[in-house]
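Engineer: The structure's right below; bear with me while I get my questions together.
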Amino acid sequence: MGRQHWKRIWVGSAGNMVEWFDWFVYASFATYFAGAFFPTGNPTAQLMNTAGIFAVGFFMRPVGGWLLGRVGDRRGRKAALTLTVTLMSASAILIAVAPTYAVAGYGGAFVLLVARLLQGLSVGGEYAASATYLTEASDPRGRGFASSFQYVSMTAGQIVGLGLLIVLQRTMSDEALHSYGWRIPFVVGALGAAVVFYLRRTMLETEVYEEDTSGAEERGTLRALWRHRREAFLVVALTMGGTVAYYTYTTYLTKYLSNSAGLSKETATLVSFTALIVFACLQPLAGRLSDRIGRRPLLITFAVGSTVLTVPIMTLLKRADGFWPALGLSLLALVVVTGYTSINACVKAELFPTGVRALGVALPYAVANALFGGTAEYVALWFKNAGIESGFSWYVAGCTAVSLVVYITMRETKDLDLARVKAREASTPTPAS
């Protein structure tokens, strides 16, 4: 892989890291600001309210997927990536200055909701633009390796967020964190986004996109995507299990360890932080492996492992009585999830032709995340509040079992030439763009 390829991967990944830092610090700091925007009462109910707003952000992702996916296919990957980080910066600023319930009643929660809607719009397009850019910008023999840096950067954003949380926990009192300390990461995120905006303004477009000769009027339209509806439905199905498992063992893990297993917030945060560092390091290794043996073996391994092991892992995590048992179980879960996270970006991008690739990845992926990934934490807390917390483990296992069927029956995409994936001609009436 040449120097130019590495530069493109670095710029794309750096922006992705800031995007996902802003997205994940909401979940990481929720235990501190949940009481700031809602009346005092049941802590689990307050977390459900903030988790509900977290889930609402996911329901904007299909809109963002359609809008920014269209921009990515019609104006270029660079244009879409620049727009996403602008929206994310604005949402971070809104959360940082949002008034509390004591000051503005539910007005603060409304500001929080608007900010999450903007974040959902941004991230809905960020995933696809980043996945498409990293896949197209890489050496054809190393697409799995290159695209694995999407989850390296996503996880790095969460690691930085958790690291900041650990620092604040050790330098500020618990009262100060609940009062105003939780605003600090959102200020940091806004400043980071400004830096990434500059980097993305100077990034290079991919050669695959620049050399595409498909009709400009058809690029990024729903009409063109409808011709590839089989691939779009495939993206939804193969994402279903992976996104539920990923959000269970990343964004929800800290809350589960503190709210269910009874570990202190500091210990739960340290477990997540350590596990995610190892998880990030595993992504390029698994991506490189997929370039050798194919994508399907890794996806199938993930789905089998997650279907069989989710219930035992979650049951044992609830009984974990210290840092090391919790860390060991968390690492086992994340090793399994790596089979999905390391390569799912390139698998989806490899399914579509250049003229509809960004939209083809963005919209169905965003739909799957809205239905399954974004609601994972809320569903988990609903099961807990209903007194049947173990039901969530079976829910996760069921979702990955559905995806397993898809992985077994789908085609291998490792050796496809991105420039030669053909757009299908219209043969039946199709919806308007």
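By convention in this document, the chains of the structure tokens carry letters A, B, ... by their order, each chain's residues are numbered from 1, and ligands are numbered from 1 in the order they are shown.
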Could you pull the residues within 8 Å of A:Ser130, counting only C-alpha atoms, minus those fewer than 5 positions along the same chain, as a compact mmCIF listing (two decimals) with all heavy atoms, in the first residue's frame?
Structural biologist:
# COMPACT_ATOMS: atom_id res chain seq x y z
N GLY A 12 -9.43 10.12 6.18
CA GLY A 12 -10.78 9.59 6.35
C GLY A 12 -11.02 9.08 7.75
O GLY A 12 -12.08 9.29 8.34
N SER A 13 -10.04 8.40 8.32
CA SER A 13 -10.17 7.83 9.65
C SER A 13 -10.17 8.89 10.74
O SER A 13 -10.90 8.77 11.72
CB SER A 13 -9.04 6.82 9.91
OG SER A 13 -9.10 5.75 9.00
N ASN A 16 -13.53 10.39 10.92
CA ASN A 16 -14.46 9.41 11.46
C ASN A 16 -14.32 9.30 12.97
O ASN A 16 -15.30 9.13 13.70
CB ASN A 16 -14.19 8.05 10.81
CG ASN A 16 -15.37 7.12 10.87
OD1 ASN A 16 -16.52 7.56 10.75
ND2 ASN A 16 -15.11 5.85 11.05
N ARG A 77 -17.24 11.86 -2.66
CA ARG A 77 -17.09 11.40 -1.28
C ARG A 77 -16.59 12.53 -0.39
O ARG A 77 -16.99 12.66 0.76
CB ARG A 77 -16.14 10.22 -1.21
CG ARG A 77 -16.26 9.15 -2.30
CD ARG A 77 -17.67 8.71 -2.61
NE ARG A 77 -17.67 7.58 -3.55
CZ ARG A 77 -18.72 7.20 -4.25
NH1 ARG A 77 -19.86 7.87 -4.15
NH2 ARG A 77 -18.66 6.16 -5.05
N LEU A 81 -18.25 13.90 3.16
CA LEU A 81 -17.50 13.81 4.41
C LEU A 81 -17.32 15.18 5.07
O LEU A 81 -17.33 15.29 6.29
CB LEU A 81 -16.13 13.17 4.14
CG LEU A 81 -16.15 11.67 3.85
CD1 LEU A 81 -14.80 11.20 3.33
CD2 LEU A 81 -16.53 10.89 5.11
N GLN A 150 -12.05 1.91 9.54
CA GLN A 150 -13.28 2.61 9.89
C GLN A 150 -13.66 2.30 11.33
O GLN A 150 -13.95 3.21 12.12
CB GLN A 150 -14.43 2.25 8.96
CG GLN A 150 -15.70 3.02 9.31
CD GLN A 150 -16.80 2.79 8.30
OE1 GLN A 150 -17.00 1.67 7.86
NE2 GLN A 150 -17.50 3.83 7.94
Engineer: Near stretch 132-143 of chain A, counting only C-alpha atoms, which residues have an atom at most 7 Å away, once you skip same-chain residues fewer than 2 positions from it, shown as a list in words?
Structural biologist: Met1, His5, Arg8, Ile9, Gly12, Arg77, Ala128, Ala129, Ser130, Phe145, Ala146, Ser147, Thr206, Val208, Arg288, Asp291, Cys346, Ala349, Arg357 and Ala358 of chain A
Engineer: Can you spit out the residues from that selection as a PDB file, in the first residue's frame, using C-alpha atoms?
Structural biologist:
ATOM      1  CA  MET A   1       0.000   0.000   0.000  1.00  0.00           C
ATOM      2  CA  HIS A   5      -3.228   5.383   0.026  1.00  0.00           C
ATOM      3  CA  ARG A   8      -6.234   8.986   2.304  1.00  0.00           C
ATOM      4  CA  ILE A   9      -6.937   6.354   4.941  1.00  0.00           C
ATOM      5  CA  GLY A  12     -10.783   9.588   6.345  1.00  0.00           C
ATOM      6  CA  ARG A  77     -17.092  11.403  -1.280  1.00  0.00           C
ATOM      7  CA  ALA A 128     -21.424   5.299   4.179  1.00  0.00           C
ATOM      8  CA  ALA A 129     -19.200   8.130   2.976  1.00  0.00           C
ATOM      9  CA  SER A 130     -16.344   6.868   5.129  1.00  0.00           C
ATOM     10  CA  PHE A 145      -7.363  -4.156   5.708  1.00  0.00           C
ATOM     11  CA  ALA A 146      -7.953  -0.538   4.656  1.00  0.00           C
ATOM     12  CA  SER A 147     -11.670  -0.487   5.434  1.00  0.00           C
ATOM     13  CA  THR A 206     -10.968   8.652  -4.928  1.00  0.00           C
ATOM     14  CA  VAL A 208     -12.716   5.106  -8.703  1.00  0.00           C
ATOM     15  CA  ARG A 288      -5.980  -8.442   6.553  1.00  0.00           C
ATOM     16  CA  ASP A 291      -8.108 -10.233   2.205  1.00  0.00           C
ATOM     17  CA  CYS A 346     -16.012  -3.086   2.563  1.00  0.00           C
ATOM     18  CA  ALA A 349     -19.384  -1.119  -0.542  1.00  0.00           C
ATOM     19  CA  ARG A 357     -22.385   3.042  -3.854  1.00  0.00           C
ATOM     20  CA  ALA A 358     -22.619   5.737  -1.157  1.00  0.00           C
TER      21      ALA A 358
END
Engineer: Find the residues around stretch 265-281 of chain A up to 7 Å (only C-alpha atoms counted), leave out those fewer than 6 positions away in its own chain, and share them as a ChimeraX atom specification.
Structural biologist: /A:152,155-156,159,162-163,253-254,257-258,323,326-327,330-331,334-335
Engineer: Please write the residues from the selection above to a file, keeping C-alpha atoms, as an mmCIF file, in the first residue's frame.
Structural biologist:
data_model
loop_
_atom_site.group_PDB
_atom_site.id
_atom_site.type_symbol
_atom_site.label_atom_id
_atom_site.label_comp_id
_atom_site.auth_asym_id
_atom_site.auth_seq_id
_atom_site.Cartn_x
_atom_site.Cartn_y
_atom_site.Cartn_z
ATOM 1 C CA VAL A 152 -10.467 1.439 14.341
ATOM 2 C CA THR A 155 -13.496 2.716 18.399
ATOM 3 C CA ALA A 156 -10.683 5.237 18.841
ATOM 4 C CA ILE A 159 -11.639 5.219 23.585
ATOM 5 C CA LEU A 162 -13.856 6.980 27.782
ATOM 6 C CA GLY A 163 -10.294 8.131 28.460
ATOM 7 C CA LEU A 253 -21.507 -2.275 28.324
ATOM 8 C CA THR A 254 -20.485 0.442 30.807
ATOM 9 C CA LEU A 257 -21.612 -3.304 34.407
ATOM 10 C CA SER A 258 -22.553 -0.451 36.736
ATOM 11 C CA PHE A 323 -12.233 -5.709 37.028
ATOM 12 C CA ALA A 326 -15.496 -8.331 33.632
ATOM 13 C CA LEU A 327 -12.576 -7.546 31.340
ATOM 14 C CA SER A 330 -15.844 -8.288 27.574
ATOM 15 C CA LEU A 331 -12.779 -9.191 25.510
ATOM 16 C CA LEU A 334 -15.473 -8.200 21.355
ATOM 17 C CA VAL A 335 -13.190 -10.804 19.751
#
Engineer: Can you work out which one of A:Val71, A:Val367, A:Val103, A:Met88 has the shortest atom-to-atom distance to A:Ala237, counting only C-alpha atoms?
Structural biologist: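 Looking only at the distances to A:Ala237, the closest residue turns out to be A:Val367.
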Engineer: Select, from A:Ser28, A:Ser122, A:Thr84, A:Ser393, the residue with the minimum atom-to-atom distance to A:Val379, counting only C-alpha atoms.
Structural biologist: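 Distance minimum relative to A:Val379 lands on A:Ser393.
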Engineer: Identify which of the residues A:Ala79, A:Ile95, A:Met314, A:Ile343 lies closest to A:Gly287, counting only C-alpha atoms when measuring atom-to-atom distances.
Structural biologist: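 Smallest separation from A:Gly287 among the options: A:Ile343.
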Engineer: Using only C-alpha atoms for the distances, tell me which of A:Thr310, A:Val361, A:Tyr256, A:Phe58 is nearest to A:Val336.
Structural biologist: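 Checking each of A:Thr310, A:Val361, A:Tyr256, A:Phe58 against A:Val336, counting only C-alpha atoms, the winner is A:Thr310.
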Engineer: Nearest to A:Gly294: which of A:Thr307, A:Thr341, A:Thr413, A:Thr221 is it, counting only C-alpha atoms?
Structural biologist: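 So, comparing all the options, the nearest one is A:Thr413.
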Engineer: Just the helix (DSSP H, G or I) stuff from stretch 91-295 of chain A, please, per backbone DSSP, written as a PyMOL selection string.
Structural biologist: chain A and resi 91-97+101-104+107-136+140-147+149-171+174-179+181-201+207-210+216-218+222-226+229-249+253-259+265-293
Engineer: Using only C-alpha atoms, which residues sit within 10 Å of A:Met410 once same-chain residues fewer than 6 positions away are excluded, as a PyMOL selection string?
Structural biologist: chain A and resi 231+234+238+296
Engineer: Export N, CA, C and O atoms of the chosen residues as an mmCIF file, in the first residue's frame?
Structural biologist:
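Heads up, here's the output in part30.cif:
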data_model
loop_
_atom_site.group_PDB
_atom_site.id
_atom_site.type_symbol
_atom_site.label_atom_id
_atom_site.label_comp_id
_atom_site.auth_asym_id
_atom_site.auth_seq_id
_atom_site.Cartn_x
_atom_site.Cartn_y
_atom_site.Cartn_z
ATOM 1 N N GLU A 231 -29.445 -6.118 -3.200
ATOM 2 C CA GLU A 231 -28.251 -5.790 -2.433
ATOM 3 C C GLU A 231 -28.600 -4.892 -1.239
ATOM 4 O O GLU A 231 -28.011 -5.037 -0.165
ATOM 5 N N LEU A 234 -30.017 -6.961 1.385
ATOM 6 C CA LEU A 234 -28.919 -7.759 1.922
ATOM 7 C C LEU A 234 -28.130 -6.959 2.964
ATOM 8 O O LEU A 234 -27.746 -7.497 4.009
ATOM 9 N N LEU A 238 -27.626 -8.267 6.757
ATOM 10 C CA LEU A 238 -26.297 -8.608 7.276
ATOM 11 C C LEU A 238 -25.857 -7.637 8.367
ATOM 12 O O LEU A 238 -24.978 -7.944 9.174
ATOM 13 N N ARG A 296 -16.744 -13.901 3.895
ATOM 14 C CA ARG A 296 -17.774 -14.776 4.464
ATOM 15 C C ARG A 296 -17.288 -15.604 5.649
ATOM 16 O O ARG A 296 -18.042 -15.744 6.640
#
Engineer: If we count only C-alpha atoms and set the cut-off at 8 Å, which residues sit around A:Gly242, ignoring sequence neighbours fewer than 2 positions away in its own chain? Please answer as a list in words.
Structural biologist: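 Contacts, in chain order: Leu238, Thr239, Met240, Val244, Ala245, Tyr246, Ala303, Val337, Tyr340, Thr341, Thr400 and Ser403 of chain A.
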Engineer: I need the residues from that last selection saved to file as an mmCIF file, in the first residue's frame (with N, CA, C and O atoms), if you can.
Structural biologist:
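Resulting contents of selection38.cif:
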data_model
loop_
_atom_site.group_PDB
_atom_site.id
_atom_site.type_symbol
_atom_site.label_atom_id
_atom_site.label_comp_id
_atom_site.auth_asym_id
_atom_site.auth_seq_id
_atom_site.Cartn_x
_atom_site.Cartn_y
_atom_site.Cartn_z
ATOM 1 N N LEU A 238 -27.626 -8.267 6.757
ATOM 2 C CA LEU A 238 -26.297 -8.608 7.276
ATOM 3 C C LEU A 238 -25.857 -7.637 8.367
ATOM 4 O O LEU A 238 -24.978 -7.944 9.174
ATOM 5 N N THR A 239 -26.498 -6.440 8.418
ATOM 6 C CA THR A 239 -26.193 -5.457 9.458
ATOM 7 C C THR A 239 -26.929 -5.757 10.758
ATOM 8 O O THR A 239 -26.431 -5.454 11.849
ATOM 9 N N MET A 240 -28.075 -6.353 10.663
ATOM 10 C CA MET A 240 -28.973 -6.555 11.805
ATOM 11 C C MET A 240 -28.265 -7.120 13.034
ATOM 12 O O MET A 240 -28.242 -6.518 14.110
ATOM 13 N N VAL A 244 -26.505 -4.842 16.518
ATOM 14 C CA VAL A 244 -27.021 -5.103 17.865
ATOM 15 C C VAL A 244 -25.893 -5.573 18.783
ATOM 16 O O VAL A 244 -25.742 -5.100 19.912
ATOM 17 N N ALA A 245 -25.074 -6.510 18.294
ATOM 18 C CA ALA A 245 -23.965 -7.022 19.103
ATOM 19 C C ALA A 245 -22.947 -5.927 19.394
ATOM 20 O O ALA A 245 -22.444 -5.809 20.522
ATOM 21 N N TYR A 246 -22.641 -5.116 18.393
ATOM 22 C CA TYR A 246 -21.641 -4.060 18.575
ATOM 23 C C TYR A 246 -22.074 -3.055 19.635
ATOM 24 O O TYR A 246 -21.300 -2.720 20.545
ATOM 25 N N ALA A 303 -21.213 -14.646 13.534
ATOM 26 C CA ALA A 303 -22.619 -14.944 13.777
ATOM 27 C C ALA A 303 -22.801 -16.210 14.610
ATOM 28 O O ALA A 303 -23.638 -16.253 15.509
ATOM 29 N N VAL A 337 -17.200 -10.222 18.017
ATOM 30 C CA VAL A 337 -17.794 -9.138 17.232
ATOM 31 C C VAL A 337 -16.847 -8.643 16.143
ATOM 32 O O VAL A 337 -17.286 -8.151 15.097
ATOM 33 N N TYR A 340 -17.375 -9.275 12.455
ATOM 34 C CA TYR A 340 -18.291 -8.408 11.718
ATOM 35 C C TYR A 340 -17.708 -7.016 11.504
ATOM 36 O O TYR A 340 -17.664 -6.501 10.384
ATOM 37 N N THR A 341 -17.255 -6.391 12.582
ATOM 38 C CA THR A 341 -16.852 -4.982 12.511
ATOM 39 C C THR A 341 -15.671 -4.729 11.586
ATOM 40 O O THR A 341 -15.611 -3.690 10.931
ATOM 41 N N THR A 400 -28.528 -12.076 15.730
ATOM 42 C CA THR A 400 -27.330 -12.591 15.064
ATOM 43 C C THR A 400 -27.621 -13.905 14.350
ATOM 44 O O THR A 400 -26.989 -14.211 13.334
ATOM 45 N N SER A 403 -28.887 -12.977 10.925
ATOM 46 C CA SER A 403 -27.777 -12.571 10.063
ATOM 47 C C SER A 403 -26.932 -13.762 9.633
ATOM 48 O O SER A 403 -26.368 -13.764 8.534
#
Engineer: Using only C-alpha atoms for the distances, tell me which of A:Thr243, A:Ser89, A:Ser390, A:Ser173 is nearest to A:Tyr365.
Structural biologist: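 Ranked by minimum distance to A:Tyr365, first place goes to A:Thr243.
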Engineer: Between atom CA of A:Val421 and atom CA of A:Arg70, measure the distance and give it in Å to one decimal.
Structural biologist: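 Separating atom CA of A:Val421 from atom CA of A:Arg70 is a distance of 18.5 Å.
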Engineer: Just the residues within 12 Å of A:Leu87, please, counting only C-alpha atoms, with nothing from its chain fewer than 2 positions along; format it as a ChimeraX atom specification.
Structural biologist: /A:18-19,22-23,64,68,80-85,89-94,114-126,189-190,193-194,197
Engineer: Could you write those residues out with C-alpha atoms, as a compact mmCIF listing (two decimals), in the first residue's frame?
Structural biologist:
# COMPACT_ATOMS: atom_id res chain seq x y z
CA VAL A 18 -14.14 12.80 15.80
CA GLU A 19 -17.58 11.99 14.41
CA ASP A 22 -19.20 13.04 19.59
CA TRP A 23 -21.70 10.25 18.96
CA GLY A 64 -29.06 11.36 6.71
CA LEU A 68 -25.70 12.54 2.39
CA ALA A 80 -20.25 14.31 1.82
CA LEU A 81 -17.50 13.81 4.41
CA THR A 82 -17.02 17.58 4.83
CA LEU A 83 -20.74 18.15 5.32
CA THR A 84 -21.10 15.39 7.91
CA VAL A 85 -18.40 16.78 10.19
CA SER A 89 -19.77 20.06 15.22
CA ALA A 90 -23.03 22.01 15.44
CA SER A 91 -24.73 19.24 17.42
CA ALA A 92 -21.83 19.00 19.90
CA ILE A 93 -22.04 22.74 20.58
CA LEU A 94 -25.79 22.49 21.22
CA VAL A 114 -32.52 18.59 18.46
CA ALA A 115 -28.79 17.97 18.88
CA ARG A 116 -29.27 14.21 18.67
CA LEU A 117 -31.37 14.62 15.54
CA LEU A 118 -28.52 16.58 13.94
CA GLN A 119 -26.05 13.91 15.05
CA GLY A 120 -28.25 11.22 13.57
CA LEU A 121 -28.44 13.12 10.29
CA SER A 122 -24.65 13.47 10.23
CA VAL A 123 -23.72 9.94 11.25
CA GLY A 124 -26.31 8.52 8.86
CA GLY A 125 -24.18 9.81 6.02
CA GLU A 126 -20.78 9.54 7.72
CA GLY A 189 -15.73 17.31 20.25
CA ALA A 190 -16.69 20.63 18.70
CA ALA A 193 -14.52 18.77 14.43
CA ALA A 194 -13.12 22.16 13.44
CA PHE A 197 -13.15 20.16 8.75
Engineer: Could you pull the residues within 8 Å of A:Ala419, counting only C-alpha atoms, minus those fewer than 3 positions along the same chain, as a PDB file with all heavy atoms, in the first residue's frame?
Structural biologist:
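File produced: out-v2.pdb:
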ATOM      1  N   VAL A 208     -11.564   5.878  -8.218  1.00  0.00           N
ATOM      2  CA  VAL A 208     -12.716   5.106  -8.703  1.00  0.00           C
ATOM      3  C   VAL A 208     -13.890   6.032  -8.984  1.00  0.00           C
ATOM      4  O   VAL A 208     -14.582   5.887 -10.004  1.00  0.00           O
ATOM      5  CB  VAL A 208     -13.110   4.022  -7.672  1.00  0.00           C
ATOM      6  CG1 VAL A 208     -14.401   3.330  -8.085  1.00  0.00           C
ATOM      7  CG2 VAL A 208     -11.991   3.001  -7.512  1.00  0.00           C
ATOM      8  N   ASP A 212     -15.505   7.216 -12.862  1.00  0.00           N
ATOM      9  CA  ASP A 212     -16.811   6.623 -13.130  1.00  0.00           C
ATOM     10  C   ASP A 212     -17.483   7.324 -14.309  1.00  0.00           C
ATOM     11  O   ASP A 212     -17.512   8.558 -14.390  1.00  0.00           O
ATOM     12  CB  ASP A 212     -17.698   6.736 -11.887  1.00  0.00           C
ATOM     13  CG  ASP A 212     -19.067   6.140 -12.109  1.00  0.00           C
ATOM     14  OD1 ASP A 212     -19.139   5.017 -12.631  1.00  0.00           O
ATOM     15  OD2 ASP A 212     -20.069   6.811 -11.770  1.00  0.00           O
ATOM     16  N   PRO A 353     -22.443  -0.604  -7.564  1.00  0.00           N
ATOM     17  CA  PRO A 353     -21.627   0.135  -8.535  1.00  0.00           C
ATOM     18  C   PRO A 353     -21.314   1.529  -8.014  1.00  0.00           C
ATOM     19  O   PRO A 353     -21.969   2.038  -7.100  1.00  0.00           O
ATOM     20  CB  PRO A 353     -22.529   0.196  -9.772  1.00  0.00           C
ATOM     21  CG  PRO A 353     -23.916   0.117  -9.221  1.00  0.00           C
ATOM     22  CD  PRO A 353     -23.820  -0.805  -8.041  1.00  0.00           C
ATOM     23  N   THR A 354     -20.331   2.193  -8.608  1.00  0.00           N
ATOM     24  CA  THR A 354     -19.832   3.471  -8.117  1.00  0.00           C
ATOM     25  C   THR A 354     -20.916   4.545  -8.032  1.00  0.00           C
ATOM     26  O   THR A 354     -20.986   5.298  -7.066  1.00  0.00           O
ATOM     27  CB  THR A 354     -18.691   3.971  -9.023  1.00  0.00           C
ATOM     28  OG1 THR A 354     -17.667   2.980  -9.066  1.00  0.00           O
ATOM     29  CG2 THR A 354     -18.114   5.278  -8.507  1.00  0.00           C
TER      30      THR A 354
END
